[in-house]
Amino acid sequence: MDAQTTPLTQRPQWQSLLRHRDAIKTTQLRDLFAADPQRGERLTAEAAGLYLDYSKQRVNDDTLRLLRELADACGLRARIDAMFRGDRINTTENRAVLHVALRAPAGEKILLDGHDVVADVQAVLDRMASFSERVRSGNWKGHTGKPIRNIVNIGIGGSDLGPVMAFEALRHYSRRDMNFRFVSNVDATDFVEATHDLDAAETLFVICSKTFTTLETLTNAHAARSWCLKVLGEDETDANGAIAKHFVAVSTNADGVKKFGIDTANMFEFWDWVGGRYSMDSAIGLSTMLAIGAQNFRAMLAGFRAMDEHFRSEPLERNLPALMGLLAVWNNNFLGAEAVAVLPYAQYLKRFPAYLQQLTMESNGKHVMLNGTHVDYSTCPIFWGEPGTNGQHSFYQLIHQGTRLIPCDFIGFCQGLNPLGNQHDLLMANVFAQSEALAFGKTPDQVRAEGTPPALVPHRVCEGNRPSNTILAERLDPQTLGALVALYEHAVFVQGVVWNIDSFDQWGVELGKQLAKTTAAEIASKDEPKLAHDSSTNALIRRYRQLRDDATSGKA
C-alpha cells in the first residue's frame with residue numbers, strides 16, 4: 001500500500017506519534033517550562049492581527065515535528081491548494097469549497113468550470129452595499145412611507161448562527177437607532193418574542209434560505225408575512241405591494257422568492273460552493289451589513305482574507321490554522337480529549353462558542369472516510385463554552401479538577417471597547433490566571449504550605465497539566481473578527497484532512513429533517529393516522545395528539 005491508501009492509524013507517522021506519546025506521558029507542563037525558560041515566548045505564532053500562544057499545550061519540539069510530518073503524509077499542502085483552486089473537494093456532493101472566494105479582492109480570479117466566481121461575489125457585494133445604504137439612510141421606505149428601523153433576520157443553521165454571532169460581536173459598531181432581531185427556531189415563541197414590540201410599518205424581514213424550501217425558515221417567513229399584513233391592515237389582494245416593501249431574500253430560488261411576494265430585484269444570491277456554516281461573509285451576512293455598514297463589512301472581509309493568505313502561504317511551523325488543527329488532532333487522538341472549551345473573554349463574543357459548535361461539529365462529526373469506509377479513530381471532539389468570567393463560576397470546576405481532559409481556547413483583547421475603571425484589566429487578569437492555573441495547578445506541598453488541614457489537602461490540590469491555547473488581539477473590530485473566524489475555519493479543515501473525511505457535507509442533519517416531514521403530516525392529520533414507526537415513536541405521537549386535542553377542546 002502506498003502512503004495515500006495506507007490507513008491513517010497504520011501510517012508510520014501515526015505510529016511514531018503513538019510511541020512519542022508513550023515516551024512523554026509522564027512529562028508535566030511544569031517540567032517543560034522548567035527545562036526551557038523561553039518556551040512561553042518561543043511556542044507562539046502571529047498573523048492577521050492574532051497572536052497565538054500554544055506553549056501551554058502538552059507538546060515539545062519532537063511532538064510538533066511529528067505532527068507536521070503527519071500533515072505532510074496526509075497531503076495537507078496539496079489539499080489546501082486544491083481548495084483555493086476550486087477543485088471539487090466536497091466529494092459526496094461533487095462541489096467545490098470556495099468560501100475563500102467570498103473575501104477575495106476585486107480583480108482576483110478564481111475559476112470554477114471556467115467561470116470567474118470572484119466577479120459574481122463582487123457584484124453581489126456591490127448590490128448589498130447599495131441596498132444597505134438605502135435602508136440605513138432612510139431612503140428605503142416601508143409600505144406606509146415610514147423608514148425602516150427594525151431588521152429581523154429569519155434563517156436557521158448557518159443562516160442564523162453566523163449573522164447573529166457577527167451582530168453580537170460587532171454590536172459596538174452597529175447602528176444604535178435601529179433594532180436587529182434574529183428568528184431561527186420553529187417554536188412560535190421565537191418569532192413572537194422577536195416581534196412583539198416592533199412596528200410592522202418600520203420592519204424589514206431578511207429571509208435567508210438557499211433553496212427557499214427550508215421548513216423552519218419558510219414556516220417563520222409565512223408567520224412574518226401574516227403578521228406584517230395583519231398589522232398593516234392589508235389582505236391578500238394587496239399583499240405583494242406590502243410584502244415587497246418589507247421583505248428581501250437571500251436565496252438562489254427566484255421562483256420561490258417571487259411566489260412568496262418578494263421582488264426578485266431584492267433577492268441576493270449565493271452559491272452551492274458556499275456551505276451554510278461558511279456563509280456569514282456571503283449575502284447571508286446582509287443583516288450584518290445593515291447593522292455595521294458596508295465599509296465595516298468589507299473590513300471584516302479583509303480580516304478573513306489576511307488569514308486565508310497566511311494559511312495558504314505560511315510554512316506549517318508558523319501557520320496558525322495548521323498549528324491549531326494539528327494540536328487538536330494531538331489532544332483528541334493521542335491524549336484522549338473528547339471536548340474543547342472555547343472561552344472568549346469578551347462579552348461581545350457571547351455567541352461565538354455556539355457558532356463554532358456548528359462550524360466544527362457539523363463539519364467533522366463524521367464516522368466514515370472519503371472512500372466510505374468506517375474510521376477506526378476518534379474524529380471531532382465536542383465544542384462548547386461561554387464567555388469569561390461567567391464560565392469561571394459555572395463549569396471551570398470540571399476543567400480544573402474533573403476526571404476529563406478538556407483543552408481550552410482562551411480568547412482575549414488588549415484594548416476594551418467600553419472603558420470603565422479597571423474592569424478590562426481585571427478581565428484580562430483572569431485570562432492569564434486561568435491558563436496558568438490549568439497548566440501548573442497547585443501541588444500537595446503548596447496546599448500544605450498554606451496551612452491546610454491534612455484531611456482537606458486532596459480536595460484543594462489541582463493537578464494541572466491541562467492544555468490550553470491563548471489567542472490575543474489588539475481589539476475586537478470587524479477585521480479581527482474576520483481573521484478569528486477564518487482561523488477556526490481553516491483549523492477545522494486541517495483536522496478533516498488528517499482524518500480523511502469530508503468536512504463539507506452534513507448528511508446526518510438531513511435524516512431527521514426527512515423523517516420530520518412524515519411525522520408532521522401524521523400529527524396534522526384530522527383522522528387517526530396509520531403509524532408505522534417503532535413502538536416508542538408511535539406512542540409518543542398518539543400521546544401528543546391526545547393531549548393537544550384535549551387542551552384544544554377544553555378537556556384538559
# chains A, B, ... in the order shown; residues from 1 in each chain; ligands from 1
>>> residues_around(residues="region 77-87 of chain A", least_positions_apart="5", cutoff="12 Å", atoms="only C-alpha atoms", output="PyMOL selection string")
chain A and resi 68-72+94-104+109-118+273-274+305+308-316+319+321-322+490-491+493-498+500+502-504
>>> write_last_selection(atoms="C-alpha atoms", output="tab-separated table (two decimals), in the first residue's frame")
chain	number	residue	atom	x	y	z
A	68	ARG	CA	3.95	18.27	10.77
A	69	GLU	CA	5.23	15.00	9.30
A	70	LEU	CA	1.76	13.50	9.74
A	71	ALA	CA	0.23	16.53	7.97
A	72	ASP	CA	2.69	16.12	5.11
A	94	ASN	CA	-19.45	16.90	-6.09
A	95	ARG	CA	-18.98	20.54	-5.11
A	96	ALA	CA	-16.13	22.98	-4.86
A	97	VAL	CA	-15.45	24.53	-1.46
A	98	LEU	CA	-14.83	28.20	-2.16
A	99	HIS	CA	-15.79	30.27	0.86
A	100	VAL	CA	-12.34	31.81	0.37
A	101	ALA	CA	-13.72	33.41	-2.82
A	102	LEU	CA	-16.22	35.36	-0.71
A	103	ARG	CA	-13.39	37.54	0.60
A	104	ALA	CA	-11.12	37.57	-2.43
A	109	LYS	CA	-9.79	35.48	-10.45
A	110	ILE	CA	-10.89	32.11	-9.16
A	111	LEU	CA	-12.25	29.96	-11.96
A	112	LEU	CA	-14.89	27.29	-11.41
A	113	ASP	CA	-15.73	25.42	-14.59
A	114	GLY	CA	-14.12	28.28	-16.48
A	115	HIS	CA	-16.25	30.94	-14.79
A	116	ASP	CA	-14.81	33.67	-12.56
A	117	VAL	CA	-16.70	33.36	-9.28
A	118	VAL	CA	-14.95	36.36	-7.72
A	273	TRP	CA	-19.97	26.13	-3.37
A	274	VAL	CA	-20.61	28.01	-0.10
A	305	ARG	CA	-8.60	37.42	3.54
A	308	ASP	CA	-6.63	32.99	4.13
A	309	GLU	CA	-3.39	34.23	2.64
A	310	HIS	CA	-1.45	33.30	5.76
A	311	PHE	CA	-2.93	29.79	5.75
A	312	ARG	CA	-2.23	29.29	2.06
A	313	SER	CA	1.38	30.50	2.08
A	314	GLU	CA	2.99	30.20	5.51
A	315	PRO	CA	5.07	27.12	6.47
A	316	LEU	CA	3.31	24.78	8.86
A	319	ASN	CA	0.91	28.65	10.33
A	321	PRO	CA	-4.63	27.37	11.49
A	322	ALA	CA	-2.29	24.44	10.84
A	490	HIS	CA	-9.06	26.54	8.39
A	491	ALA	CA	-8.17	24.71	11.62
A	493	PHE	CA	-10.17	21.93	7.53
A	494	VAL	CA	-6.74	20.77	8.72
A	495	GLN	CA	-8.32	18.26	11.10
A	496	GLY	CA	-10.58	16.95	8.35
A	497	VAL	CA	-7.61	16.41	6.04
A	498	VAL	CA	-5.75	14.40	8.67
A	500	ASN	CA	-9.50	11.84	5.73
A	502	ASP	CA	-15.40	15.21	4.02
A	503	SER	CA	-15.67	18.31	6.20
A	504	PHE	CA	-18.17	19.97	3.87
>>> closest_atom_pairs(of="region 33-146 of chain A", to="region 244-255 of chain A", cutoff="10 Å", atoms="only C-alpha atoms", output="tab-separated table")
residue	atom	partner	partner_atom	distance
A:Trp140	CA	A:Lys245	CA	8.3
A:Lys141	CA	A:Lys245	CA	7.1
A:Gly142	CA	A:Lys245	CA	5.2
A:His143	CA	A:Lys245	CA	5.6
A:Thr144	CA	A:Lys245	CA	9.2
A:Gly145	CA	A:Lys245	CA	9.6
>>> write_last_selection(atoms="N, CA, C and O atoms", output="mmCIF file, in the first residue's frame")
data_model
loop_
_atom_site.group_PDB
_atom_site.id
_atom_site.type_symbol
_atom_site.label_atom_id
_atom_site.label_comp_id
_atom_site.auth_asym_id
_atom_site.auth_seq_id
_atom_site.Cartn_x
_atom_site.Cartn_y
_atom_site.Cartn_z
ATOM 1 N N TRP A 140 -35.029 53.972 1.874
ATOM 2 C CA TRP A 140 -35.943 52.851 1.663
ATOM 3 C C TRP A 140 -37.111 53.023 2.629
ATOM 4 O O TRP A 140 -36.934 53.081 3.836
ATOM 5 N N LYS A 141 -38.292 53.124 2.062
ATOM 6 C CA LYS A 141 -39.481 53.329 2.883
ATOM 7 C C LYS A 141 -40.347 52.071 2.896
ATOM 8 O O LYS A 141 -40.426 51.335 1.903
ATOM 9 N N GLY A 142 -41.010 51.857 4.025
ATOM 10 C CA GLY A 142 -41.970 50.774 4.118
ATOM 11 C C GLY A 142 -43.251 51.096 3.386
ATOM 12 O O GLY A 142 -43.393 52.140 2.735
ATOM 13 N N HIS A 143 -44.233 50.210 3.488
ATOM 14 C CA HIS A 143 -45.481 50.325 2.726
ATOM 15 C C HIS A 143 -46.254 51.592 3.070
ATOM 16 O O HIS A 143 -46.966 52.146 2.222
ATOM 17 N N THR A 144 -46.107 52.065 4.299
ATOM 18 C CA THR A 144 -46.848 53.268 4.716
ATOM 19 C C THR A 144 -46.012 54.537 4.599
ATOM 20 O O THR A 144 -46.464 55.612 5.013
ATOM 21 N N GLY A 145 -44.812 54.416 4.059
ATOM 22 C CA GLY A 145 -43.956 55.582 3.885
ATOM 23 C C GLY A 145 -42.983 55.837 5.020
ATOM 24 O O GLY A 145 -42.203 56.795 4.972
#
>>> closest_residue(among="A:Leu43, A:Met361, A:Val375, A:Val206", to="Asn469 (chain A)", atoms="only C-alpha atoms")
A:Leu43
>>> atom_distance(atom1="CA of Ala429 (chain A)", atom2="CA of Thr389 (chain A)")
10.4 Å
>>> atom_distance(atom1="CA of Ile292 (chain A)", atom2="CA of Val124 (chain A)")
17.3 Å
>>> decode(residues="region 161-200 of chain A", atoms="N, CA and C atoms", output="JSON list (two decimals), in the first residue's frame")
[["chain", "number", "residue", "atom", "x", "y", "z"],
["A", 161, "LEU", "N", -26.79, 31.35, 12.77],
["A", 161, "LEU", "CA", -25.68, 31.37, 13.72],
["A", 161, "LEU", "C", -24.59, 32.37, 13.33],
["A", 162, "GLY", "N", -24.27, 32.43, 12.03],
["A", 162, "GLY", "CA", -23.27, 33.38, 11.57],
["A", 162, "GLY", "C", -23.73, 34.82, 11.72],
["A", 163, "PRO", "N", -24.91, 35.18, 11.18],
["A", 163, "PRO", "CA", -25.38, 36.56, 11.32],
["A", 163, "PRO", "C", -25.56, 37.01, 12.76],
["A", 164, "VAL", "N", -26.15, 36.17, 13.62],
["A", 164, "VAL", "CA", -26.38, 36.62, 14.99],
["A", 164, "VAL", "C", -25.05, 36.72, 15.75],
["A", 165, "MET", "N", -24.12, 35.80, 15.48],
["A", 165, "MET", "CA", -22.81, 35.90, 16.14],
["A", 165, "MET", "C", -22.10, 37.18, 15.69],
["A", 166, "ALA", "N", -22.11, 37.45, 14.39],
["A", 166, "ALA", "CA", -21.42, 38.63, 13.88],
["A", 166, "ALA", "C", -22.05, 39.91, 14.41],
["A", 167, "PHE", "N", -23.39, 39.94, 14.48],
["A", 167, "PHE", "CA", -24.04, 41.14, 15.01],
["A", 167, "PHE", "C", -23.65, 41.36, 16.47],
["A", 168, "GLU", "N", -23.71, 40.32, 17.27],
["A", 168, "GLU", "CA", -23.35, 40.48, 18.68],
["A", 168, "GLU", "C", -21.89, 40.86, 18.82],
["A", 169, "ALA", "N", -21.02, 40.23, 18.04],
["A", 169, "ALA", "CA", -19.59, 40.51, 18.13],
["A", 169, "ALA", "C", -19.26, 41.95, 17.75],
["A", 170, "LEU", "N", -20.02, 42.49, 16.80],
["A", 170, "LEU", "CA", -19.72, 43.83, 16.27],
["A", 170, "LEU", "C", -20.79, 44.84, 16.66],
["A", 171, "ARG", "N", -21.53, 44.54, 17.71],
["A", 171, "ARG", "CA", -22.58, 45.44, 18.17],
["A", 171, "ARG", "C", -22.04, 46.84, 18.44],
["A", 172, "HIS", "N", -20.79, 46.93, 18.90],
["A", 172, "HIS", "CA", -20.17, 48.23, 19.20],
["A", 172, "HIS", "C", -20.16, 49.13, 17.96],
["A", 173, "TYR", "N", -20.14, 48.52, 16.77],
["A", 173, "TYR", "CA", -20.04, 49.27, 15.52],
["A", 173, "TYR", "C", -21.41, 49.40, 14.82],
["A", 174, "SER", "N", -22.46, 48.94, 15.45],
["A", 174, "SER", "CA", -23.76, 48.87, 14.79],
["A", 174, "SER", "C", -24.55, 50.16, 14.99],
["A", 175, "ARG", "N", -25.59, 50.32, 14.18],
["A", 175, "ARG", "CA", -26.50, 51.45, 14.30],
["A", 175, "ARG", "C", -27.34, 51.29, 15.56],
["A", 176, "ARG", "N", -27.21, 52.20, 16.50],
["A", 176, "ARG", "CA", -27.94, 52.08, 17.76],
["A", 176, "ARG", "C", -29.35, 52.62, 17.67],
["A", 177, "ASP", "N", -29.69, 53.28, 16.56],
["A", 177, "ASP", "CA", -31.06, 53.76, 16.41],
["A", 177, "ASP", "C", -31.90, 52.76, 15.60],
["A", 178, "MET", "N", -31.34, 51.57, 15.39],
["A", 178, "MET", "CA", -32.08, 50.51, 14.70],
["A", 178, "MET", "C", -32.07, 49.26, 15.59],
["A", 179, "ASN", "N", -33.12, 48.46, 15.45],
["A", 179, "ASN", "CA", -33.22, 47.20, 16.20],
["A", 179, "ASN", "C", -32.91, 46.04, 15.27],
["A", 180, "PHE", "N", -32.16, 45.07, 15.77],
["A", 180, "PHE", "CA", -31.82, 43.89, 14.99],
["A", 180, "PHE", "C", -32.23, 42.65, 15.78],
["A", 181, "ARG", "N", -33.07, 41.83, 15.17],
["A", 181, "ARG", "CA", -33.58, 40.63, 15.81],
["A", 181, "ARG", "C", -33.30, 39.43, 14.90],
["A", 182, "PHE", "N", -33.28, 38.25, 15.50],
["A", 182, "PHE", "CA", -32.96, 37.04, 14.76],
["A", 182, "PHE", "C", -33.92, 35.93, 15.16],
["A", 183, "VAL", "N", -34.54, 35.31, 14.17],
["A", 183, "VAL", "CA", -35.51, 34.25, 14.40],
["A", 183, "VAL", "C", -35.02, 32.99, 13.68],
["A", 184, "SER", "N", -34.92, 31.90, 14.42],
["A", 184, "SER", "CA", -34.47, 30.65, 13.80],
["A", 184, "SER", "C", -35.33, 29.46, 14.18],
["A", 185, "ASN", "N", -35.77, 29.39, 15.44],
["A", 185, "ASN", "CA", -36.46, 28.22, 15.94],
["A", 185, "ASN", "C", -37.88, 28.16, 15.39],
["A", 186, "VAL", "N", -38.33, 26.97, 14.99],
["A", 186, "VAL", "CA", -39.70, 26.83, 14.51],
["A", 186, "VAL", "C", -40.70, 26.95, 15.66],
["A", 187, "ASP", "N", -40.23, 26.88, 16.88],
["A", 187, "ASP", "CA", -41.06, 27.20, 18.04],
["A", 187, "ASP", "C", -41.59, 28.62, 17.87],
["A", 188, "ALA", "N", -42.92, 28.77, 17.85],
["A", 188, "ALA", "CA", -43.53, 30.08, 17.59],
["A", 188, "ALA", "C", -43.07, 31.14, 18.58],
["A", 189, "THR", "N", -42.64, 30.71, 19.76],
["A", 189, "THR", "CA", -42.18, 31.66, 20.76],
["A", 189, "THR", "C", -41.04, 32.52, 20.22],
["A", 190, "ASP", "N", -40.18, 31.93, 19.42],
["A", 190, "ASP", "CA", -39.04, 32.68, 18.90],
["A", 190, "ASP", "C", -39.51, 33.86, 18.07],
["A", 191, "PHE", "N", -40.45, 33.61, 17.16],
["A", 191, "PHE", "CA", -40.96, 34.70, 16.32],
["A", 191, "PHE", "C", -41.76, 35.71, 17.14],
["A", 192, "VAL", "N", -42.63, 35.24, 18.01],
["A", 192, "VAL", "CA", -43.49, 36.15, 18.77],
["A", 192, "VAL", "C", -42.65, 37.07, 19.65],
["A", 193, "GLU", "N", -41.67, 36.53, 20.34],
["A", 193, "GLU", "CA", -40.86, 37.35, 21.22],
["A", 193, "GLU", "C", -39.98, 38.33, 20.44],
["A", 194, "ALA", "N", -39.54, 37.92, 19.25],
["A", 194, "ALA", "CA", -38.69, 38.81, 18.45],
["A", 194, "ALA", "C", -39.45, 40.00, 17.89],
["A", 195, "THR", "N", -40.75, 39.85, 17.71],
["A", 195, "THR", "CA", -41.52, 40.90, 17.03],
["A", 195, "THR", "C", -42.54, 41.59, 17.93],
["A", 196, "HIS", "N", -42.69, 41.19, 19.18],
["A", 196, "HIS", "CA", -43.82, 41.65, 19.98],
["A", 196, "HIS", "C", -43.83, 43.17, 20.20],
["A", 197, "ASP", "N", -42.65, 43.80, 20.19],
["A", 197, "ASP", "CA", -42.59, 45.24, 20.44],
["A", 197, "ASP", "C", -42.22, 46.04, 19.19],
["A", 198, "LEU", "N", -42.33, 45.41, 18.02],
["A", 198, "LEU", "CA", -41.95, 46.08, 16.78],
["A", 198, "LEU", "C", -43.18, 46.60, 16.04],
["A", 199, "ASP", "N", -42.97, 47.66, 15.29],
["A", 199, "ASP", "CA", -44.00, 48.22, 14.42],
["A", 199, "ASP", "C", -43.75, 47.66, 13.02],
["A", 200, "ALA", "N", -44.72, 46.92, 12.50],
["A", 200, "ALA", "CA", -44.55, 46.31, 11.18],
["A", 200, "ALA", "C", -44.25, 47.34, 10.10]]
